[in-house]
$ cat my_file-v5.txt   # compact mmCIF, C-alpha atoms
# COMPACT_ATOMS: atom_id res chain seq x y z
CA MET A 1 0.81 6.31 45.31
CA ILE A 2 2.00 8.35 42.33
CA ASP A 3 3.33 11.83 43.20
CA GLN A 4 1.40 14.32 41.03
CA ASP A 5 4.01 17.10 41.11
CA ARG A 6 6.87 14.74 40.36
CA LEU A 7 5.03 13.33 37.38
CA LEU A 8 4.25 16.82 36.10
CA ASP A 9 7.95 17.67 36.37
CA ARG A 10 8.75 14.58 34.31
CA PHE A 11 6.04 15.01 31.72
CA ARG A 12 6.80 18.61 30.73
CA PRO A 13 10.45 18.21 29.64
CA LEU A 14 9.81 14.86 27.96
CA TRP A 15 6.89 16.32 26.02
CA ALA A 16 9.04 19.29 25.05
CA GLU A 17 11.60 16.96 23.46
CA LEU A 18 9.04 15.98 20.82
CA ALA A 19 7.19 19.28 20.55
CA GLU A 20 9.22 20.83 17.73
CA ILE A 21 9.85 17.74 15.61
CA GLY A 22 7.91 18.14 12.37
CA ARG A 23 6.11 21.29 13.54
CA ASP A 24 5.29 23.85 10.86
CA PRO A 25 6.19 27.30 12.23
CA ASP A 26 3.58 28.99 10.04
CA THR A 27 0.52 26.90 10.95
CA GLY A 28 1.60 25.43 14.27
CA GLY A 29 0.49 22.04 12.94
CA TYR A 30 2.61 18.95 12.40
CA LEU A 31 3.99 17.31 9.26
CA ARG A 32 5.08 13.89 10.46
CA TYR A 33 4.36 11.53 7.58
CA ALA A 34 5.31 7.87 7.84
CA TRP A 35 8.96 7.18 6.95
CA SER A 36 9.62 10.94 6.49
CA ALA A 37 12.56 12.76 8.09
CA ALA A 38 10.33 14.06 10.89
CA GLU A 39 8.86 10.65 11.71
CA LEU A 40 12.31 9.06 11.57
CA ALA A 41 13.50 11.67 14.09
CA CYS A 42 10.63 10.61 16.37
CA ARG A 43 11.67 6.99 15.93
CA ARG A 44 15.24 7.85 16.97
CA TRP A 45 13.78 9.59 20.01
CA PHE A 46 11.89 6.38 20.83
CA VAL A 47 15.07 4.28 20.67
CA ASP A 48 16.89 6.81 22.87
CA GLN A 49 14.10 6.78 25.46
CA ALA A 50 14.15 2.99 25.54
CA ALA A 51 17.93 2.99 26.01
CA ARG A 52 17.65 5.43 28.93
CA ARG A 53 15.36 2.92 30.62
CA ASP A 54 17.28 -0.23 29.67
CA LEU A 55 14.38 -1.43 27.56
CA THR A 56 15.15 -3.81 24.71
CA VAL A 57 14.11 -2.39 21.32
CA SER A 58 13.04 -4.46 18.34
CA VAL A 59 11.55 -3.48 15.00
CA ASP A 60 9.15 -5.82 13.25
CA GLY A 61 9.13 -6.35 9.50
CA ASN A 62 6.56 -3.59 9.06
CA GLY A 63 8.57 -0.93 10.86
CA ASN A 64 6.55 -0.95 14.09
CA LEU A 65 8.74 -0.26 17.15
CA TRP A 66 8.69 -2.32 20.34
CA ALA A 67 10.57 -1.51 23.60
CA ARG A 68 10.32 -4.30 26.19
CA TRP A 69 10.78 -4.16 29.94
CA LEU A 70 11.72 -7.71 30.92
CA PRO A 71 12.59 -7.96 34.63
CA ASP A 72 15.03 -10.57 35.86
CA GLY A 73 13.42 -13.92 36.43
CA VAL A 74 10.55 -13.40 33.99
CA ASP A 75 10.28 -15.95 31.19
CA PRO A 76 10.84 -14.08 27.88
CA ALA A 77 8.17 -16.27 26.32
CA THR A 78 5.51 -14.91 28.68
CA ALA A 79 2.90 -12.84 26.87
CA ALA A 80 3.45 -9.11 27.38
CA VAL A 81 1.18 -6.24 28.32
CA VAL A 82 1.63 -3.70 25.51
CA THR A 83 0.89 0.01 25.45
CA GLY A 84 1.69 2.81 23.04
CA SER A 85 0.38 4.61 19.96
CA HIS A 86 1.94 6.33 16.90
CA PHE A 87 4.05 9.34 15.81
CA ASP A 88 2.72 10.16 12.33
CA SER A 89 0.27 13.00 11.76
CA VAL A 90 -2.30 14.21 9.28
CA PRO A 91 -1.17 17.28 7.29
CA HIS A 92 -0.82 20.15 9.78
CA GLY A 93 -2.43 18.06 12.50
CA GLY A 94 -2.24 18.48 16.26
CA GLY A 95 0.70 17.44 18.40
CA TYR A 96 -1.13 15.14 20.83
CA ASP A 97 -2.74 12.71 18.39
CA GLY A 98 -0.48 9.69 18.72
CA PRO A 99 2.66 10.95 20.50
CA LEU A 100 0.81 11.46 23.79
CA GLY A 101 0.24 7.70 23.97
CA VAL A 102 3.93 6.94 23.45
CA VAL A 103 5.20 9.55 25.92
CA SER A 104 2.64 8.38 28.49
CA ALA A 105 3.72 4.78 28.06
CA PHE A 106 7.36 5.56 28.89
CA LEU A 107 6.35 7.67 31.88
CA ALA A 108 4.00 4.95 33.15
CA VAL A 109 6.97 2.56 33.16
CA ASP A 110 8.99 5.15 35.11
CA GLU A 111 6.24 5.51 37.70
CA LEU A 112 5.86 1.78 38.18
CA ARG A 113 9.58 1.44 38.76
CA ASP A 114 9.55 4.31 41.28
CA GLN A 115 6.82 2.50 43.17
CA GLY A 116 9.05 -0.58 43.35
CA PHE A 117 6.65 -2.53 41.16
CA VAL A 118 8.20 -5.59 39.52
CA PRO A 119 5.97 -7.05 36.81
CA GLY A 120 5.38 -10.75 36.48
CA ARG A 121 5.34 -10.49 32.69
CA PRO A 122 6.98 -8.14 30.17
CA ILE A 123 5.61 -4.65 29.65
CA THR A 124 6.19 -3.32 26.14
CA VAL A 125 5.95 0.21 24.73
CA ALA A 126 4.96 0.25 21.04
CA ALA A 127 4.90 2.84 18.25
CA PHE A 128 3.01 1.89 15.09
CA VAL A 129 3.72 3.13 11.56
CA GLU A 130 1.33 5.09 9.29
CA GLU A 131 -1.64 5.12 11.66
CA GLU A 132 -3.17 8.15 9.98
CA GLY A 133 -2.75 6.88 6.44
CA SER A 134 -1.81 10.41 5.41
CA ARG A 135 1.12 9.39 3.23
CA PHE A 136 0.08 6.09 1.64
CA GLY A 137 -3.71 6.33 1.93
CA VAL A 138 -4.48 3.36 4.20
CA ALA A 139 -5.01 4.11 7.87
CA CYS A 140 -3.41 1.91 10.56
CA LEU A 141 -1.14 0.43 7.91
CA GLY A 142 1.49 -0.84 10.36
CA SER A 143 -1.02 -2.66 12.54
CA ARG A 144 -2.95 -3.94 9.50
CA LEU A 145 0.23 -5.48 8.10
CA LEU A 146 1.11 -6.94 11.50
CA THR A 147 -2.28 -8.63 11.86
CA GLY A 148 -2.70 -9.69 8.23
CA GLY A 149 -5.39 -7.08 7.61
CA ILE A 150 -3.78 -6.05 4.32
CA ALA A 151 -1.71 -8.08 1.87
CA PRO A 152 1.97 -7.08 1.85
CA ARG A 153 2.03 -6.91 -1.94
CA ARG A 154 -0.83 -4.42 -1.99
CA ALA A 155 0.64 -2.36 0.85
CA LEU A 156 4.12 -2.14 -0.61
CA ALA A 157 2.71 -0.94 -3.94
CA LEU A 158 0.86 2.00 -2.33
CA ARG A 159 2.26 5.35 -3.44
CA ASP A 160 2.29 8.79 -1.89
CA ARG A 161 1.45 12.00 -3.73
CA SER A 162 5.00 12.23 -5.07
CA GLY A 163 4.80 8.75 -6.56
CA VAL A 164 7.06 7.13 -3.95
CA SER A 165 5.92 3.62 -3.02
CA LEU A 166 5.82 2.27 0.52
CA ALA A 167 8.51 -0.24 -0.49
CA GLU A 168 10.75 2.57 -1.72
CA ALA A 169 10.17 4.67 1.41
CA MET A 170 11.00 1.75 3.69
CA ALA A 171 14.14 0.92 1.76
CA ALA A 172 15.29 4.54 1.84
CA ALA A 173 14.94 4.47 5.64
CA GLY A 174 16.99 1.28 5.90
CA ALA A 175 14.08 -1.13 6.38
CA ASP A 176 13.64 -4.29 4.35
CA PRO A 177 10.33 -4.25 2.42
CA ALA A 178 10.58 -8.00 1.85
CA ALA A 179 10.07 -8.54 5.60
CA ALA A 180 6.68 -6.78 5.62
CA GLY A 181 3.63 -8.85 6.45
CA PRO A 182 1.80 -10.73 9.21
CA ASP A 183 3.67 -11.56 12.41
CA PRO A 184 1.58 -14.18 14.22
CA GLN A 185 4.37 -14.96 16.68
CA ARG A 186 4.53 -11.36 17.88
CA LEU A 187 0.74 -11.20 18.14
CA ALA A 188 0.71 -14.40 20.18
CA GLY A 189 3.12 -12.71 22.58
CA ILE A 190 0.61 -9.98 23.51
CA LYS A 191 -1.58 -10.57 26.56
CA ALA A 192 -3.39 -7.23 26.24
CA PHE A 193 -2.99 -3.88 24.48
CA VAL A 194 -3.94 -0.57 26.11
CA GLU A 195 -3.72 2.59 24.00
CA LEU A 196 -3.82 6.04 25.58
CA HIS A 197 -5.00 8.77 23.19
CA ILE A 198 -6.17 12.35 23.20
CA GLU A 199 -9.96 12.47 22.90
CA GLN A 200 -10.89 13.63 19.40
CA GLY A 201 -14.05 15.42 20.45
CA ARG A 202 -15.51 17.21 23.46
CA ALA A 203 -17.43 14.50 25.32
CA LEU A 204 -15.04 14.58 28.28
CA VAL A 205 -15.26 18.37 28.41
CA ASP A 206 -19.04 18.15 28.64
CA LEU A 207 -18.77 15.44 31.31
CA ASP A 208 -16.06 17.35 33.22
CA ALA A 209 -13.84 14.27 33.32
CA PRO A 210 -10.05 14.31 32.81
CA VAL A 211 -10.02 10.77 31.38
CA GLY A 212 -12.45 8.32 29.83
CA VAL A 213 -12.51 4.76 28.55
CA ALA A 214 -13.53 3.69 25.05
CA SER A 215 -16.42 1.30 24.57
CA MET A 216 -16.26 0.91 20.78
CA ILE A 217 -15.12 2.40 17.47
CA TRP A 218 -17.65 3.21 14.78
CA PRO A 219 -17.25 1.38 11.47
CA HIS A 220 -15.57 3.63 8.93
CA GLY A 221 -13.70 3.68 5.65
CA ARG A 222 -12.29 5.66 2.74
CA TRP A 223 -13.60 5.62 -0.81
CA ARG A 224 -11.92 7.24 -3.82
CA LEU A 225 -14.30 8.77 -6.36
CA GLU A 226 -12.77 9.35 -9.79
CA VAL A 227 -14.88 11.49 -12.11
CA SER A 228 -13.76 11.73 -15.74
CA GLY A 229 -15.01 14.23 -18.32
CA GLU A 230 -13.64 16.23 -21.21
CA GLY A 231 -10.90 18.82 -20.77
CA ASN A 232 -11.64 22.00 -22.65
CA HIS A 233 -11.22 25.79 -22.74
CA ALA A 234 -12.91 27.71 -19.94
CA GLY A 235 -13.61 30.68 -22.15
CA THR A 236 -14.69 29.23 -25.47
CA THR A 237 -16.64 26.11 -24.47
CA ARG A 238 -20.38 26.74 -24.31
CA MET A 239 -22.04 25.68 -21.07
CA ALA A 240 -24.34 23.34 -22.98
CA ASP A 241 -21.35 21.57 -24.56
CA ARG A 242 -19.41 20.89 -21.39
CA ARG A 243 -18.65 17.52 -19.79
CA ASP A 244 -17.31 18.96 -16.55
CA PRO A 245 -16.26 16.40 -13.88
CA MET A 246 -16.03 19.15 -11.26
CA LEU A 247 -19.80 19.53 -11.34
CA THR A 248 -20.29 15.83 -10.64
CA CYS A 249 -17.71 15.94 -7.88
CA ALA A 250 -19.32 19.00 -6.29
CA TYR A 251 -22.72 17.32 -6.39
CA ALA A 252 -21.24 14.19 -4.75
CA VAL A 253 -19.76 16.29 -1.93
CA LEU A 254 -23.13 17.92 -1.24
CA ALA A 255 -24.86 14.55 -1.47
CA ALA A 256 -22.45 13.10 1.10
CA ASP A 257 -23.25 15.93 3.49
CA ALA A 258 -27.00 15.56 3.01
CA GLU A 259 -27.03 11.77 3.36
CA ALA A 260 -24.84 11.83 6.46
CA ARG A 261 -27.16 14.32 8.15
CA ARG A 262 -30.20 12.25 7.18
CA LEU A 263 -28.69 9.08 8.67
CA GLY A 264 -27.02 10.58 11.73
CA ALA A 265 -23.64 9.54 10.33
CA HIS A 266 -20.45 11.39 9.39
CA ALA A 267 -19.20 12.08 5.86
CA THR A 268 -16.25 14.22 4.83
CA VAL A 269 -14.50 15.03 1.57
CA GLY A 270 -11.25 16.65 2.65
CA ARG A 271 -9.02 15.91 -0.30
CA ILE A 272 -9.46 16.61 -4.02
CA GLU A 273 -7.05 16.27 -6.95
CA VAL A 274 -7.82 17.97 -10.24
CA ARG A 275 -6.30 17.41 -13.70
CA PRO A 276 -4.88 19.53 -15.21
CA ASN A 277 -5.56 21.89 -12.27
CA ALA A 278 -5.55 25.04 -14.41
CA THR A 279 -7.66 28.11 -13.68
CA ASN A 280 -8.77 28.59 -17.28
CA ALA A 281 -9.37 24.96 -18.20
CA ILE A 282 -12.30 22.61 -17.67
CA PRO A 283 -10.86 19.60 -15.82
CA VAL A 284 -10.45 16.29 -17.55
CA GLN A 285 -10.59 14.40 -14.25
CA VAL A 286 -11.39 15.09 -10.60
CA ARG A 287 -10.48 12.63 -7.85
CA SER A 288 -11.95 13.03 -4.38
CA TRP A 289 -11.79 10.96 -1.22
CA LEU A 290 -14.87 10.24 0.88
CA ASP A 291 -14.32 9.52 4.57
CA ALA A 292 -17.52 7.92 5.89
CA ARG A 293 -18.37 6.77 9.42
CA ALA A 294 -21.50 5.58 11.19
CA ALA A 295 -22.62 4.01 14.45
CA ASP A 296 -23.25 0.64 12.78
CA ALA A 297 -22.26 -1.21 9.62
CA ALA A 298 -25.73 -1.12 8.06
CA THR A 299 -25.95 2.66 8.33
CA LEU A 300 -22.45 3.06 6.91
CA ALA A 301 -23.30 0.85 3.93
CA GLU A 302 -26.51 2.80 3.33
CA LEU A 303 -24.61 6.08 3.47
CA VAL A 304 -21.94 5.07 0.96
CA GLU A 305 -24.47 3.43 -1.36
CA ALA A 306 -26.62 6.57 -1.36
CA VAL A 307 -23.68 8.86 -2.12
CA VAL A 308 -22.40 6.65 -4.95
CA SER A 309 -25.88 6.24 -6.42
CA ARG A 310 -26.47 9.98 -6.46
CA ALA A 311 -23.03 10.63 -7.97
CA HIS A 312 -23.74 8.15 -10.80
CA ALA A 313 -27.14 9.74 -11.44
CA ARG A 314 -25.60 13.19 -11.64
CA SER A 315 -22.85 11.96 -13.97
CA VAL A 316 -25.48 11.09 -16.59
CA ALA A 317 -26.67 14.70 -16.65
CA ASP A 318 -23.10 16.02 -16.73
CA GLY A 319 -21.86 13.63 -19.42
CA THR A 320 -19.16 12.27 -17.11
CA THR A 321 -18.24 8.85 -15.74
CA VAL A 322 -17.74 7.90 -12.10
CA THR A 323 -15.47 5.14 -10.77
CA VAL A 324 -15.49 4.29 -7.07
CA VAL A 325 -12.62 2.47 -5.34
CA ALA A 326 -12.79 1.34 -1.71
CA GLU A 327 -9.34 2.11 -0.29
CA SER A 328 -9.91 0.95 3.28
CA ALA A 329 -12.73 -0.28 5.44
CA SER A 330 -12.86 -0.98 9.16
CA PRO A 331 -15.77 -2.83 10.78
CA PRO A 332 -17.26 -1.78 14.12
CA VAL A 333 -14.98 -2.61 17.03
CA GLU A 334 -16.25 -3.51 20.47
CA PHE A 335 -13.41 -3.26 22.96
CA ASP A 336 -12.94 -6.08 25.45
CA PRO A 337 -15.63 -5.34 28.09
CA GLY A 338 -13.77 -7.06 30.93
CA LEU A 339 -10.61 -5.12 30.18
CA ALA A 340 -12.60 -1.90 29.88
CA ARG A 341 -14.13 -2.47 33.32
CA ARG A 342 -10.69 -3.08 34.82
CA LEU A 343 -9.48 0.11 33.18
CA VAL A 344 -12.40 2.10 34.58
CA ASP A 345 -11.70 0.78 38.08
CA ALA A 346 -7.98 1.47 37.82
CA ALA A 347 -8.49 4.94 36.39
CA SER A 348 -11.15 5.79 38.99
CA THR A 349 -8.72 4.97 41.79
CA ALA A 350 -5.78 6.69 40.12
CA THR A 351 -7.67 9.94 39.51
CA SER A 352 -9.85 10.03 42.64
CA ASP A 353 -7.96 13.07 43.93
CA VAL A 354 -8.21 15.05 40.66
CA PRO A 355 -10.54 18.04 41.27
CA ALA A 356 -13.32 18.89 38.85
CA THR A 357 -12.66 21.96 36.71
CA THR A 358 -16.32 22.87 36.40
CA SER A 359 -19.54 21.80 38.10
CA ALA A 360 -19.95 18.06 37.77
CA VAL A 361 -22.58 16.71 35.44
CA PRO A 362 -25.44 15.18 37.49
CA GLY A 363 -25.35 11.41 37.30
CA SER A 364 -21.99 11.30 35.51
CA THR A 365 -19.38 8.72 36.46
CA PRO A 366 -15.81 9.68 37.44
CA VAL A 367 -14.47 7.79 34.43
CA PRO A 368 -16.99 7.85 31.58
CA VAL A 369 -17.21 5.04 29.04
CA LEU A 370 -17.88 6.37 25.55
CA PRO A 371 -17.76 5.35 21.89
CA THR A 372 -15.57 7.05 19.31
CA ALA A 373 -15.87 7.59 15.58
CA ALA A 374 -12.08 7.86 15.18
CA GLY A 375 -9.99 4.91 14.05
CA HIS A 376 -6.98 3.65 16.01
CA ASP A 377 -4.40 0.87 15.95
CA ALA A 378 -6.22 -0.48 19.01
CA GLY A 379 -9.21 -1.09 16.77
CA ILE A 380 -7.12 -3.24 14.43
CA LEU A 381 -5.50 -5.20 17.25
CA ALA A 382 -8.87 -5.75 18.95
CA GLY A 383 -9.68 -8.56 16.55
CA HIS A 384 -6.65 -10.50 17.78
CA VAL A 385 -5.89 -9.59 21.41
CA PRO A 386 -7.83 -8.08 24.35
CA THR A 387 -7.70 -4.33 23.78
CA ALA A 388 -8.80 -1.16 25.57
CA MET A 389 -8.33 2.60 25.23
CA ILE A 390 -7.92 5.52 27.63
CA PHE A 391 -8.94 8.96 26.39
CA VAL A 392 -7.45 12.18 27.79
CA ARG A 393 -9.67 15.28 27.80
CA ASN A 394 -9.24 17.73 24.94
CA PRO A 395 -10.48 21.16 26.11
CA SER A 396 -10.67 22.53 22.57
CA GLY A 397 -12.66 19.58 21.25
CA VAL A 398 -10.60 19.99 18.06
CA SER A 399 -8.47 17.23 16.54
CA HIS A 400 -6.50 16.77 13.31
CA ALA A 401 -5.77 20.50 13.50
CA PRO A 402 -3.32 22.74 15.38
CA ALA A 403 -5.94 23.72 17.99
CA GLU A 404 -5.89 20.19 19.42
CA ALA A 405 -4.90 20.49 23.09
CA ALA A 406 -4.63 18.95 26.53
CA THR A 407 -3.59 20.36 29.89
CA ASP A 408 -0.48 18.96 31.56
CA ALA A 409 -2.63 18.00 34.56
CA ASP A 410 -5.01 15.95 32.41
CA CYS A 411 -2.08 14.27 30.66
CA VAL A 412 -0.74 13.29 34.08
CA ALA A 413 -4.18 11.92 35.01
CA GLY A 414 -3.98 9.76 31.90
CA ILE A 415 -0.49 8.54 32.80
CA ARG A 416 -1.60 7.69 36.32
CA SER A 417 -4.55 5.74 34.94
CA LEU A 418 -2.32 3.91 32.46
CA ALA A 419 0.24 3.02 35.12
CA ALA A 420 -2.49 1.66 37.37
CA VAL A 421 -3.96 -0.65 34.76
CA LEU A 422 -0.52 -1.81 33.60
CA ALA A 423 0.31 -2.75 37.17
CA GLU A 424 -2.89 -4.75 37.47
CA LEU A 425 -2.46 -6.52 34.14
CA ALA A 426 1.22 -7.33 34.64
CA ALA A 427 1.10 -8.22 38.36
CA ARG A 428 2.90 -11.36 39.45

$ encode --input "my_file-v5.txt" --output "structure tokens"
Amino acid sequence: MIDQDRLLDRFRPLWAELAEIGRDPDTGGYLRYAWSAAELACRRWFVDQAARRDLTVSVDGNGNLWARWLPDGVDPATAAVVTGSHFDSVPHGGGYDGPLGVVSAFLAVDELRDQGFVPGRPITVAAFVEEEGSRFGVACLGSRLLTGGIAPRRALALRDRSGVSLAEAMAAAGADPAAAGPDPQRLAGIKAFVELHIEQGRALVDLDAPVGVASMIWPHGRWRLEVSGEGNHAGTTRMADRRDPMLTCAYAVLAADAEARRLGAHATVGRIEVRPNATNAIPVQVRSWLDARAADAATLAELVEAVVSRAHARSVADGTTVTVVAESASPPVEFDPGLARRLVDAASTATSDVPATTSAVPGSTPVPVLPTAAGHDAGILAGHVPTAMIFVRNPSGVSHAPAEAATDADCVAGIRSLAAVLAELAAR
């Protein structure tokens, strides 16, 4: 049985080691972009943690990190049970999104060893690159490259806001861009993947449950809307003579909100670039990014089609032109139901002594199974290997922002659940 106090004493200092890396002292949020100095510091931390535990570290051609526990007598060719997450963040994001899954993975290995558990197959801790897509624009880029979900040539040509390409960023960090691409041999060596992640909502708060299990991921994607008009003087150009792309963009943002509410979907425009970006000039071009998500593929397609159609219609009135580019798209993901059931059973046993923090919800289960509208590397891997996810309660309900949170006790509940399912999956 896992000792709760001992695990708390282990979690707190290990979590503190990562807590200040990439943290903005003004906002309290994190700036850990893929292949940046902050993310590279996290990667060095990963290698150090693996070395402390005598785990063998390898780096695939895409920069994803792998730390393998291979006990004596186990055939190295045996498919491994893999767990982990990512280090990179959205701009000024929360500290738990990603790193909690990596820290929990190392601590789950520690707990299994303390219990005297000897796995019958390798257990591997993984950290994927550019999960958020905040630097190069494509989410889950490391896992997409690994699985062949994006062509290496396209990925390496992606550029960040400073004009640096992925190939250039990798080379600057000492990685070989020529090695990027699918790795079917590594994929074939994965028996199952379990990702622990902070919940990015408040379902577990409402259900008064410290942990939950994912059932599916909504289909989602990112679309770039480029609206071109005519740059001109803000003071001398008559309103009737203007071809202002900002008007078309603003209309598209409002249309996205209206259509998402009509369809019960989610639509967000959180990033806009304006040229020339001058206070006293009518823009010549406005680029915006639409993040759209829905419970099913048909609804998502209807949402995007409606937004694009309304943007084109408005552009006629504004005298502008609209170009739409799909930057990434992820289909709905149903996690392996058998693996999810095993995870629920393992987590239920592991957290059976965790007290409720509020009055229990009538009819609720100890470990709820719930869908998520957030994308994850687990969703990419799910098309290739059995995959499941554990969610840890987020009392704020806020994610991708500094207010994202989790209690140490709930984090420990997640680690206990993860250790239990790893033991079951890797048993001799």

$ residues_around --input "my_file-v5.txt" --residues "Tyr30 of chain A" --least-positions-apart "2" --cutoff "10 Å" --atoms "all atoms listed in the file" --output "list of chain:residue names"
A:Ala19, A:Glu20, A:Ile21, A:Gly22, A:Arg23, A:Asp24, A:Pro25, A:Thr27, A:Gly28, A:Arg32, A:Tyr33, A:Ala38, A:Asp88, A:Ser89, A:Val90, A:Pro91, A:His92, A:Gly93, A:Gly94, A:Gly95, A:Tyr96, A:His400, A:Ala401, A:Pro402

$ closest_residue --input "my_file-v5.txt" --among "A:Ala419, A:Ala252, A:Leu14, A:Ala155" --to "Asp114 of chain A" --atoms "all atoms listed in the file"
A:Ala419

$ closest_residue --input "my_file-v5.txt" --among "A:Leu70, A:Leu187, A:Met389, A:Ala80" --to "Thr56 of chain A" --atoms "only C-alpha atoms"
A:Leu70

$ residues_around --input "my_file-v5.txt" --residues "Val227 of chain A" --least-positions-apart "5" --cutoff "6 Å" --atoms "all atoms listed in the file" --output "list in words"
Pro245, Gln285, Val286, Thr321 and Val322 of chain A

$ atom_distance --input "my_file-v5.txt" --atom1 "atom CA of Ser143 of chain A" --atom2 "atom CA of Ala127 of chain A"
9.9 Å

$ residues_around --input "my_file-v5.txt" --residues "Ala313 of chain A" --least-positions-apart "4" --cutoff "12 Å" --atoms "only C-alpha atoms" --output "mmCIF file with C-alpha atoms, in the coordinates of the input"
data_model
loop_
_atom_site.group_PDB
_atom_site.id
_atom_site.type_symbol
_atom_site.label_atom_id
_atom_site.label_comp_id
_atom_site.auth_asym_id
_atom_site.auth_seq_id
_atom_site.Cartn_x
_atom_site.Cartn_y
_atom_site.Cartn_z
ATOM 1 C CA THR A 248 -20.290 15.830 -10.640
ATOM 2 C CA CYS A 249 -17.710 15.940 -7.880
ATOM 3 C CA TYR A 251 -22.720 17.320 -6.390
ATOM 4 C CA ALA A 252 -21.240 14.190 -4.750
ATOM 5 C CA ALA A 255 -24.860 14.550 -1.470
ATOM 6 C CA ALA A 306 -26.620 6.570 -1.360
ATOM 7 C CA VAL A 307 -23.680 8.860 -2.120
ATOM 8 C CA VAL A 308 -22.400 6.650 -4.950
ATOM 9 C CA SER A 309 -25.880 6.240 -6.420
ATOM 10 C CA ALA A 317 -26.670 14.700 -16.650
ATOM 11 C CA ASP A 318 -23.100 16.020 -16.730
ATOM 12 C CA GLY A 319 -21.860 13.630 -19.420
ATOM 13 C CA THR A 320 -19.160 12.270 -17.110
ATOM 14 C CA THR A 321 -18.240 8.850 -15.740
ATOM 15 C CA VAL A 322 -17.740 7.900 -12.100
#

$ residues_near_point --input "my_file-v5.txt" --point "(-14.4, 14.4, 21.4)" --cutoff "10 Å" --atoms "only C-alpha atoms" --output "PyMOL selection string"
chain A and resi 198-206+370-374+391-399

$ residues_around --input "my_file-v5.txt" --residues "Arg68 of chain A" --least-positions-apart "6" --cutoff "6 Å" --atoms "all atoms listed in the file" --output "mmCIF file with C-alpha atoms, in the frame of the given file"
data_model
loop_
_atom_site.group_PDB
_atom_site.id
_atom_site.type_symbol
_atom_site.label_atom_id
_atom_site.label_comp_id
_atom_site.auth_asym_id
_atom_site.auth_seq_id
_atom_site.Cartn_x
_atom_site.Cartn_y
_atom_site.Cartn_z
ATOM 1 C CA LEU A 55 14.380 -1.430 27.560
ATOM 2 C CA THR A 56 15.150 -3.810 24.710
ATOM 3 C CA ILE A 123 5.610 -4.650 29.650
ATOM 4 C CA THR A 124 6.190 -3.320 26.140
#

$ closest_residue --input "my_file-v5.txt" --among "A:Val103, A:Val333, A:Ala295, A:Ala79" --to "Glu17 of chain A" --atoms "only C-alpha atoms"
A:Val103

$ atom_distance --input "my_file-v5.txt" --atom1 "atom CA of His312 of chain A" --atom2 "atom CA of Leu263 of chain A"
20.1 Å

$ residues_around --input "my_file-v5.txt" --residues "Pro182 of chain A" --least-positions-apart "3" --cutoff "12 Å" --atoms "all atoms listed in the file" --output "VMD selection string"
chain A and resid 60 to 62 64 141 to 153 155 178 to 179 185 to 188

$ closest_residue --input "my_file-v5.txt" --among "A:Leu107, A:Pro76, A:Ala413, A:Thr236" --to "Arg53 of chain A" --atoms "only C-alpha atoms"
A:Leu107

$ closest_residue --input "my_file-v5.txt" --among "A:Leu225, A:Ala388, A:Leu8, A:Leu207" --to "Glu111 of chain A" --atoms "all atoms listed in the file"
A:Leu8

$ closest_residue --input "my_file-v5.txt" --among "A:Thr299, A:Ala51, A:Ala209, A:Phe136" --to "Gly163 of chain A" --atoms "all atoms listed in the file"
A:Phe136

$ atom_distance --input "my_file-v5.txt" --atom1 "atom CA of Glu327 of chain A" --atom2 "atom CA of Arg224 of chain A"
6.7 Å

$ build_atoms --input "my_file-v5.txt" --residues "segment 45-51 of chain A" --atoms "N, CA, C and O atoms" --output "tab-separated table (two decimals), keeping the file's coordinate frame"
chain	number	residue	atom	x	y	z
A	45	TRP	N	14.12	9.20	18.64
A	45	TRP	CA	13.78	9.59	20.01
A	45	TRP	C	13.28	8.39	20.80
A	45	TRP	O	13.64	8.19	21.97
A	46	PHE	N	12.43	7.58	20.19
A	46	PHE	CA	11.89	6.38	20.83
A	46	PHE	C	13.02	5.44	21.26
A	46	PHE	O	13.04	4.96	22.41
A	47	VAL	N	13.95	5.19	20.36
A	47	VAL	CA	15.07	4.28	20.67
A	47	VAL	C	15.91	4.84	21.81
A	47	VAL	O	16.34	4.11	22.71
A	48	ASP	N	16.11	6.18	21.81
A	48	ASP	CA	16.89	6.81	22.87
A	48	ASP	C	16.18	6.68	24.21
A	48	ASP	O	16.81	6.40	25.24
A	49	GLN	N	14.85	6.91	24.22
A	49	GLN	CA	14.10	6.78	25.46
A	49	GLN	C	14.16	5.35	26.01
A	49	GLN	O	14.27	5.13	27.21
A	50	ALA	N	14.07	4.38	25.11
A	50	ALA	CA	14.15	2.99	25.54
A	50	ALA	C	15.52	2.70	26.14
A	50	ALA	O	15.63	2.03	27.19
A	51	ALA	N	16.57	3.22	25.51
A	51	ALA	CA	17.93	2.99	26.01
A	51	ALA	C	18.12	3.61	27.40
A	51	ALA	O	18.78	3.02	28.27
